[in-house]
>>> print(open('input-v3.cif').read())   # mmCIF, C-alpha atoms, pLDDT in the B column; chains and numbers go by the auth columns
data_final
loop_
_atom_site.group_PDB
_atom_site.id
_atom_site.type_symbol
_atom_site.label_atom_id
_atom_site.label_comp_id
_atom_site.label_asym_id
_atom_site.label_seq_id
_atom_site.Cartn_x
_atom_site.Cartn_y
_atom_site.Cartn_z
_atom_site.B_iso_or_equiv
_atom_site.auth_seq_id
_atom_site.auth_asym_id
ATOM 1 C CA MET A 1 8.657 31.682 4.720 37.00 1 A
ATOM 2 C CA ALA A 2 8.341 29.651 7.935 43.00 2 A
ATOM 3 C CA ALA A 3 4.535 29.813 7.760 45.00 3 A
ATOM 4 C CA HIS A 4 4.628 28.574 4.144 51.00 4 A
ATOM 5 C CA SER A 5 6.904 25.714 5.188 61.00 5 A
ATOM 6 C CA SER A 6 4.667 24.647 8.077 62.00 6 A
ATOM 7 C CA ASP A 7 1.572 24.927 5.860 74.00 7 A
ATOM 8 C CA SER A 8 3.096 22.662 3.225 75.00 8 A
ATOM 9 C CA ARG A 9 4.271 20.229 5.907 81.00 9 A
ATOM 10 C CA GLY A 10 0.758 20.004 7.345 88.00 10 A
ATOM 11 C CA LEU A 11 -0.641 19.588 3.848 93.00 11 A
ATOM 12 C CA PHE A 12 1.791 16.754 3.142 95.00 12 A
ATOM 13 C CA TYR A 13 0.667 15.032 6.346 95.00 13 A
ATOM 14 C CA GLU A 14 -2.928 15.257 5.069 95.00 14 A
ATOM 15 C CA ALA A 15 -1.793 13.848 1.718 95.00 15 A
ATOM 16 C CA VAL A 16 -0.076 10.886 3.408 96.00 16 A
ATOM 17 C CA GLN A 17 -3.225 10.302 5.456 95.00 17 A
ATOM 18 C CA ALA A 18 -5.379 10.352 2.288 95.00 18 A
ATOM 19 C CA VAL A 19 -3.065 8.046 0.309 95.00 19 A
ATOM 20 C CA LEU A 20 -2.693 5.459 3.068 95.00 20 A
ATOM 21 C CA GLY A 21 -6.353 5.763 4.055 93.00 21 A
ATOM 22 C CA SER A 22 -7.480 4.919 0.519 93.00 22 A
ATOM 23 C CA TRP A 23 -5.026 2.024 0.077 94.00 23 A
ATOM 24 C CA PRO A 24 -7.027 -1.231 0.050 94.00 24 A
ATOM 25 C CA VAL A 25 -4.080 -3.290 1.342 93.00 25 A
ATOM 26 C CA LEU A 26 -3.804 -1.214 4.516 94.00 26 A
ATOM 27 C CA GLN A 27 -7.589 -1.107 4.935 92.00 27 A
ATOM 28 C CA ILE A 28 -7.762 -4.902 4.717 92.00 28 A
ATOM 29 C CA ALA A 29 -4.914 -5.308 7.200 93.00 29 A
ATOM 30 C CA VAL A 30 -6.599 -3.004 9.717 93.00 30 A
ATOM 31 C CA GLU A 31 -10.152 -4.283 9.265 92.00 31 A
ATOM 32 C CA ASN A 32 -9.095 -7.922 9.563 92.00 32 A
ATOM 33 C CA GLY A 33 -6.900 -7.461 12.618 92.00 33 A
ATOM 34 C CA PHE A 34 -3.539 -8.172 10.994 92.00 34 A
ATOM 35 C CA GLY A 35 -2.027 -5.501 13.237 89.00 35 A
ATOM 36 C CA GLY A 36 -3.473 -7.063 16.370 90.00 36 A
ATOM 37 C CA LEU A 37 -5.750 -5.245 18.774 90.00 37 A
ATOM 38 C CA TYR A 38 -4.169 -1.895 17.999 92.00 38 A
ATOM 39 C CA GLY A 39 -4.278 -2.070 14.195 93.00 39 A
ATOM 40 C CA GLN A 40 -6.137 1.230 13.828 93.00 40 A
ATOM 41 C CA GLU A 41 -3.602 2.963 16.073 95.00 41 A
ATOM 42 C CA LYS A 42 -0.752 1.428 14.072 95.00 42 A
ATOM 43 C CA ALA A 43 -2.284 2.771 10.853 95.00 43 A
ATOM 44 C CA GLY A 44 -2.420 6.241 12.432 95.00 44 A
ATOM 45 C CA TRP A 45 1.159 5.895 13.612 96.00 45 A
ATOM 46 C CA MET A 46 2.164 4.818 10.086 97.00 46 A
ATOM 47 C CA VAL A 47 0.896 8.134 8.678 96.00 47 A
ATOM 48 C CA GLY A 48 3.116 10.062 11.086 96.00 48 A
ATOM 49 C CA ALA A 49 6.073 7.748 10.483 96.00 49 A
ATOM 50 C CA VAL A 50 5.863 8.155 6.690 96.00 50 A
ATOM 51 C CA ASP A 51 5.484 11.935 7.038 96.00 51 A
ATOM 52 C CA GLN A 52 8.545 12.069 9.302 96.00 52 A
ATOM 53 C CA TYR A 53 10.491 9.752 6.957 96.00 53 A
ATOM 54 C CA PHE A 54 10.067 12.185 4.066 96.00 54 A
ATOM 55 C CA HIS A 55 10.971 15.227 6.144 93.00 55 A
ATOM 56 C CA THR A 56 14.131 13.700 7.643 95.00 56 A
ATOM 57 C CA ASN A 57 15.463 12.226 4.388 92.00 57 A
ATOM 58 C CA SER A 58 16.151 14.487 1.452 78.00 58 A
ATOM 59 C CA ASP A 59 15.621 13.429 -2.152 87.00 59 A
ATOM 60 C CA LEU A 60 14.046 10.032 -1.506 93.00 60 A
ATOM 61 C CA GLU A 61 13.763 7.694 -4.467 95.00 61 A
ATOM 62 C CA GLN A 62 10.547 5.776 -5.107 95.00 62 A
ATOM 63 C CA TYR A 63 12.191 2.399 -4.408 96.00 63 A
ATOM 64 C CA GLU A 64 13.298 3.645 -0.969 96.00 64 A
ATOM 65 C CA VAL A 65 9.726 4.599 -0.114 96.00 65 A
ATOM 66 C CA GLU A 66 8.508 1.201 -1.369 96.00 66 A
ATOM 67 C CA GLU A 67 11.014 -0.616 0.846 96.00 67 A
ATOM 68 C CA THR A 68 10.033 1.455 3.863 96.00 68 A
ATOM 69 C CA LEU A 69 6.294 0.900 3.356 96.00 69 A
ATOM 70 C CA GLN A 70 6.825 -2.830 2.817 96.00 70 A
ATOM 71 C CA GLY A 71 8.924 -2.986 5.968 96.00 71 A
ATOM 72 C CA ILE A 72 6.256 -1.250 8.039 95.00 72 A
ATOM 73 C CA LEU A 73 3.483 -3.478 6.684 95.00 73 A
ATOM 74 C CA ASN A 74 5.582 -6.565 7.301 94.00 74 A
ATOM 75 C CA ASP A 75 6.650 -5.584 10.821 95.00 75 A
ATOM 76 C CA GLU A 76 3.456 -3.987 12.098 94.00 76 A
ATOM 77 C CA PHE A 77 0.731 -5.822 10.154 94.00 77 A
ATOM 78 C CA ASP A 78 2.441 -9.101 9.270 92.00 78 A
ATOM 79 C CA THR A 79 1.520 -8.387 5.632 91.00 79 A
ATOM 80 C CA VAL A 80 3.404 -8.722 2.346 92.00 80 A
ATOM 81 C CA VAL A 81 2.052 -6.658 -0.556 91.00 81 A
ATOM 82 C CA GLU A 82 1.809 -8.699 -3.742 90.00 82 A
ATOM 83 C CA ASP A 83 -0.936 -6.853 -5.631 92.00 83 A
ATOM 84 C CA GLY A 84 1.321 -4.389 -7.443 93.00 84 A
ATOM 85 C CA SER A 85 -0.020 -1.367 -5.542 95.00 85 A
ATOM 86 C CA LEU A 86 3.168 -0.599 -3.619 95.00 86 A
ATOM 87 C CA PRO A 87 4.930 1.234 -6.498 96.00 87 A
ATOM 88 C CA LEU A 88 1.782 3.284 -7.186 96.00 88 A
ATOM 89 C CA ILE A 89 1.385 4.299 -3.529 96.00 89 A
ATOM 90 C CA SER A 90 5.076 5.173 -3.277 96.00 90 A
ATOM 91 C CA GLN A 91 4.922 7.234 -6.456 96.00 91 A
ATOM 92 C CA GLN A 92 1.874 9.140 -5.171 95.00 92 A
ATOM 93 C CA LEU A 93 3.661 9.947 -1.919 96.00 93 A
ATOM 94 C CA CYS A 94 6.803 11.138 -3.745 96.00 94 A
ATOM 95 C CA THR A 95 4.701 13.300 -6.074 95.00 95 A
ATOM 96 C CA PHE A 96 2.767 14.861 -3.192 94.00 96 A
ATOM 97 C CA TYR A 97 5.979 15.595 -1.301 95.00 97 A
ATOM 98 C CA SER A 98 7.503 17.266 -4.334 94.00 98 A
ATOM 99 C CA GLN A 99 4.365 19.331 -4.968 93.00 99 A
ATOM 100 C CA CYS A 100 4.197 20.430 -1.327 93.00 100 A
ATOM 101 C CA ARG A 101 7.833 21.501 -1.370 91.00 101 A
ATOM 102 C CA GLN A 102 7.215 23.518 -4.541 92.00 102 A
ATOM 103 C CA GLY A 103 4.163 25.200 -3.001 90.00 103 A
ATOM 104 C CA ASP A 104 1.645 23.672 -5.436 91.00 104 A
ATOM 105 C CA THR A 105 -0.974 23.450 -2.681 90.00 105 A
ATOM 106 C CA THR A 106 -4.011 23.799 -4.954 91.00 106 A
ATOM 107 C CA ARG A 107 -3.213 20.643 -6.900 93.00 107 A
ATOM 108 C CA VAL A 108 -2.389 18.726 -3.698 92.00 108 A
ATOM 109 C CA LYS A 109 -5.675 19.771 -2.076 92.00 109 A
ATOM 110 C CA GLU A 110 -7.620 18.660 -5.174 92.00 110 A
ATOM 111 C CA LYS A 111 -5.941 15.240 -5.143 92.00 111 A
ATOM 112 C CA ILE A 112 -6.547 14.848 -1.403 91.00 112 A
ATOM 113 C CA ALA A 113 -10.249 15.542 -1.985 90.00 113 A
ATOM 114 C CA GLN A 114 -10.321 12.919 -4.759 89.00 114 A
ATOM 115 C CA LEU A 115 -8.577 10.332 -2.586 87.00 115 A
ATOM 116 C CA SER A 116 -10.894 11.013 0.333 82.00 116 A
ATOM 117 C CA GLN A 117 -13.858 10.118 -1.890 80.00 117 A
ATOM 118 C CA LYS A 118 -12.089 6.984 -3.117 69.00 118 A
ATOM 119 C CA LYS A 119 -12.444 4.926 0.042 62.00 119 A
ATOM 120 C CA TYR A 120 -13.023 1.306 -0.816 53.00 120 A
ATOM 121 C CA ASN A 121 -15.487 -1.032 0.789 51.00 121 A
ATOM 122 C CA VAL A 122 -13.171 -4.005 1.001 50.00 122 A
ATOM 123 C CA LYS A 123 -14.294 -7.534 1.661 49.00 123 A
ATOM 124 C CA ALA A 124 -11.741 -10.228 2.353 52.00 124 A
ATOM 125 C CA ASN A 125 -12.260 -13.965 2.510 51.00 125 A
ATOM 126 C CA VAL A 126 -9.368 -15.454 4.493 50.00 126 A
ATOM 127 C CA GLN A 127 -8.621 -19.143 4.132 47.00 127 A
ATOM 128 C CA GLU A 128 -5.772 -21.443 5.091 43.00 128 A
ATOM 129 C CA VAL A 129 -4.024 -22.920 2.059 43.00 129 A
ATOM 130 C CA LYS A 130 -1.157 -25.346 1.685 45.00 130 A
ATOM 131 C CA ALA A 131 1.723 -23.738 -0.194 46.00 131 A
ATOM 132 C CA ASP A 132 2.913 -25.626 -3.273 50.00 132 A
ATOM 133 C CA GLU A 133 6.184 -27.508 -3.174 47.00 133 A
ATOM 134 C CA ASP A 134 7.571 -25.169 -5.832 49.00 134 A
ATOM 135 C CA SER A 135 6.475 -21.947 -4.122 47.00 135 A
ATOM 136 C CA SER A 136 8.856 -18.986 -4.073 49.00 136 A
ATOM 137 C CA ASP A 137 10.155 -19.811 -0.586 50.00 137 A
ATOM 138 C CA GLY A 138 10.038 -23.570 -1.151 48.00 138 A
ATOM 139 C CA ASP A 139 9.324 -24.474 2.479 51.00 139 A
ATOM 140 C CA GLY A 140 5.855 -25.950 1.877 48.00 140 A
ATOM 141 C CA GLU A 141 4.433 -24.256 4.997 48.00 141 A
ATOM 142 C CA GLU A 142 0.800 -23.348 5.308 48.00 142 A
ATOM 143 C CA GLU A 143 -0.033 -19.736 4.660 52.00 143 A
ATOM 144 C CA GLU A 144 -3.166 -17.674 4.575 54.00 144 A
ATOM 145 C CA ALA A 145 -4.460 -16.436 1.249 53.00 145 A
ATOM 146 C CA MET A 146 -7.184 -13.891 0.729 53.00 146 A
ATOM 147 C CA ASP A 147 -9.491 -13.096 -2.084 55.00 147 A
ATOM 148 C CA CYS A 148 -10.255 -9.420 -1.857 53.00 148 A
ATOM 149 C CA GLU A 149 -13.095 -7.651 -3.546 52.00 149 A
ATOM 150 C CA THR A 150 -13.634 -3.925 -3.751 48.00 150 A
ATOM 151 C CA SER A 151 -17.088 -2.532 -4.307 47.00 151 A
ATOM 152 C CA THR A 152 -15.850 0.650 -5.986 45.00 152 A
ATOM 153 C CA HIS A 153 -15.006 0.218 -9.672 41.00 153 A
ATOM 154 C CA THR A 154 -11.321 0.884 -10.082 41.00 154 A
ATOM 155 C CA PRO A 155 -9.180 1.145 -13.213 41.00 155 A
ATOM 156 C CA PRO A 156 -6.833 -1.770 -13.932 40.00 156 A
ATOM 157 C CA THR A 157 -3.924 -1.867 -11.519 39.00 157 A
ATOM 158 C CA PRO A 158 -0.313 -1.613 -12.658 38.00 158 A
ATOM 159 C CA ALA A 159 0.001 -5.276 -11.624 38.00 159 A
ATOM 160 C CA ALA A 160 -2.115 -6.334 -14.582 36.00 160 A
ATOM 161 C CA SER A 161 0.193 -4.575 -17.019 34.00 161 A
ATOM 162 C CA THR A 162 3.407 -5.820 -15.386 34.00 162 A
ATOM 163 C CA ALA A 163 2.079 -9.353 -15.136 36.00 163 A
ATOM 164 C CA SER A 164 2.797 -9.923 -18.805 36.00 164 A
ATOM 165 C CA SER A 165 6.506 -9.482 -18.120 37.00 165 A
ATOM 166 C CA GLY A 166 6.417 -12.475 -15.786 39.00 166 A
ATOM 167 C CA SER A 167 7.681 -10.635 -12.748 38.00 167 A
ATOM 168 C CA GLU A 168 6.452 -8.238 -10.141 40.00 168 A
ATOM 169 C CA ALA A 169 8.173 -5.524 -8.138 40.00 169 A
ATOM 170 C CA GLY A 170 9.697 -8.088 -5.787 42.00 170 A
ATOM 171 C CA GLY A 171 11.209 -10.060 -8.668 43.00 171 A
ATOM 172 C CA HIS A 172 9.120 -13.206 -8.072 44.00 172 A
ATOM 173 C CA SER A 173 7.480 -14.861 -11.030 45.00 173 A
ATOM 174 C CA ARG A 174 3.707 -14.955 -10.981 48.00 174 A
ATOM 175 C CA ASP A 175 1.583 -17.901 -11.884 50.00 175 A
ATOM 176 C CA PRO A 176 -1.042 -17.478 -14.627 46.00 176 A
ATOM 177 C CA GLU A 177 -3.933 -18.258 -12.263 48.00 177 A
ATOM 178 C CA GLU A 178 -2.959 -15.357 -9.987 47.00 178 A
ATOM 179 C CA VAL A 179 -2.720 -12.980 -12.945 43.00 179 A
ATOM 180 C CA GLU A 180 -6.121 -14.162 -14.195 46.00 180 A
ATOM 181 C CA GLN A 181 -7.679 -13.441 -10.795 48.00 181 A
ATOM 182 C CA GLU A 182 -6.349 -9.876 -10.854 51.00 182 A
ATOM 183 C CA VAL A 183 -7.611 -9.265 -14.366 49.00 183 A
ATOM 184 C CA GLN A 184 -11.075 -10.457 -13.332 55.00 184 A
ATOM 185 C CA GLY A 185 -11.181 -7.803 -10.604 60.00 185 A
ATOM 186 C CA TRP A 186 -9.783 -9.790 -7.691 60.00 186 A
ATOM 187 C CA THR A 187 -6.709 -8.755 -5.794 67.00 187 A
ATOM 188 C CA VAL A 188 -4.549 -11.347 -4.055 67.00 188 A
ATOM 189 C CA VAL A 189 -3.066 -10.253 -0.735 71.00 189 A
ATOM 190 C CA ARG A 190 -1.013 -12.752 1.216 69.00 190 A
ATOM 191 C CA ARG A 191 -0.385 -12.571 4.933 69.00 191 A
ATOM 192 C CA LYS A 192 3.123 -13.544 5.930 66.00 192 A
ATOM 193 C CA LYS A 193 3.450 -16.179 8.672 65.00 193 A
ATOM 194 C CA LYS A 194 5.912 -15.544 11.489 58.00 194 A
#
>>> encode(input="input-v3.cif", output="structure tokens")
Amino acid sequence: MAAHSSDSRGLFYEAVQAVLGSWPVLQIAVENGFGGLYGQEKAGWMVGAVDQYFHTNSDLEQYEVEETLQGILNDEFDTVVEDGSLPLISQQLCTFYSQCRQGDTTRVKEKIAQLSQKKYNVKANVQEVKADEDSSDGDGEEEEAMDCETSTHTPPTPAASTASSGSEAGGHSRDPEEVEQEVQGWTVVRRKKK
């Protein structure tokens, strides 16, 4: 039984590595130096931290995983996720953890192989923009905005379907121009200023 437990734990670590490694938001943050000089090391540390988080907390809910991932990205990479991918990533991690605990290693290995092939070639154009007076934080500070393009064709993100409701996971309303950009294949990722 102990060998089965350690096998599934190692498999979950691989699953976390595959999920985070194929997440365009984290790839952009690392490749563009949002984590500083040690961004790649921070991404590696994040895999271990998420793995440990699941193993030390029983019965995690998806929203708890979302909050933890957002906190890590904010603290370590100075990044706020606004592309709607955070719920999807959190759900994948919860599903993998559940499957590993149940011993469904074949399905987990298949999904890891699929994710490993789904690495994106991300290209980000960073530009300084002046925030509107009526922005969500209302402080009118300058912030960086990025237009991100992936070279791998991906299915529509959950953000496109939730955009019609006028809110995103964080509860902020979205402007129509931002939604239009996402529908056209662009993803908006904003870097939070300190």
>>> residues_around(input="input-v3.cif", residues="A:Tyr13", least_positions_apart="6", cutoff="10 Å", atoms="all atoms listed in the file", output="ChimeraX atom specification")
/A:7,19,47-52,96-97
>>> residues_around(input="input-v3.cif", residues="A:Phe12", least_positions_apart="2", cutoff="10 Å", atoms="all atoms listed in the file", output="JSON, numbers by chain")
{"A": [6, 7, 8, 9, 10, 14, 15, 16, 17, 18, 51, 54, 55, 93, 96, 97, 98, 99, 100, 101, 105, 108, 109, 112]}
>>> atom_distance(input="input-v3.cif", atom1="atom CA of A:Gly33", atom2="atom CA of A:Met46")
15.5 Å
>>> atom_distance(input="input-v3.cif", atom1="atom CA of A:Pro87", atom2="atom CA of A:Glu66")
6.3 Å
>>> atom_distance(input="input-v3.cif", atom1="atom CA of A:Phe77", atom2="atom CA of A:Gln40")
10.5 Å
>>> closest_residue(input="input-v3.cif", among="A:Val189, A:Gly103, A:Glu61, A:Leu115", to="A:Leu26", atoms="all atoms listed in the file")
A:Val189
>>> resolve_selection(input="input-v3.cif", expression="the PyMOL selection byres ((chain A and resi 75) around 12)", output="PDB file with C-alpha atoms, in the coordinates of the input")
ATOM      1  CA  PHE A  34      -3.539  -8.172  10.994  1.00 92.00           C
ATOM      2  CA  GLY A  35      -2.027  -5.501  13.237  1.00 89.00           C
ATOM      3  CA  GLY A  36      -3.473  -7.063  16.370  1.00 90.00           C
ATOM      4  CA  GLY A  39      -4.278  -2.070  14.195  1.00 93.00           C
ATOM      5  CA  LYS A  42      -0.752   1.428  14.072  1.00 95.00           C
ATOM      6  CA  MET A  46       2.164   4.818  10.086  1.00 97.00           C
ATOM      7  CA  GLU A  67      11.014  -0.616   0.846  1.00 96.00           C
ATOM      8  CA  THR A  68      10.033   1.455   3.863  1.00 96.00           C
ATOM      9  CA  LEU A  69       6.294   0.900   3.356  1.00 96.00           C
ATOM     10  CA  GLN A  70       6.825  -2.830   2.817  1.00 96.00           C
ATOM     11  CA  GLY A  71       8.924  -2.986   5.968  1.00 96.00           C
ATOM     12  CA  ILE A  72       6.256  -1.250   8.039  1.00 95.00           C
ATOM     13  CA  LEU A  73       3.483  -3.478   6.684  1.00 95.00           C
ATOM     14  CA  ASN A  74       5.582  -6.565   7.301  1.00 94.00           C
ATOM     15  CA  GLU A  76       3.456  -3.987  12.098  1.00 94.00           C
ATOM     16  CA  PHE A  77       0.731  -5.822  10.154  1.00 94.00           C
ATOM     17  CA  ASP A  78       2.441  -9.101   9.270  1.00 92.00           C
ATOM     18  CA  THR A  79       1.520  -8.387   5.632  1.00 91.00           C
ATOM     19  CA  VAL A  80       3.404  -8.722   2.346  1.00 92.00           C
ATOM     20  CA  ARG A 191      -0.385 -12.571   4.933  1.00 69.00           C
ATOM     21  CA  LYS A 192       3.123 -13.544   5.930  1.00 66.00           C
ATOM     22  CA  LYS A 193       3.450 -16.179   8.672  1.00 65.00           C
ATOM     23  CA  LYS A 194       5.912 -15.544  11.489  1.00 58.00           C
TER      24      LYS A 194
END
>>> closest_residue(input="input-v3.cif", among="A:Asp104, A:Tyr38, A:Glu110, A:Ile89", to="A:Gly21", atoms="all atoms listed in the file")
A:Ile89
>>> closest_residue(input="input-v3.cif", among="A:Asn32, A:Thr106, A:Trp23, A:Gln117", to="A:Leu88", atoms="all atoms listed in the file")
A:Trp23
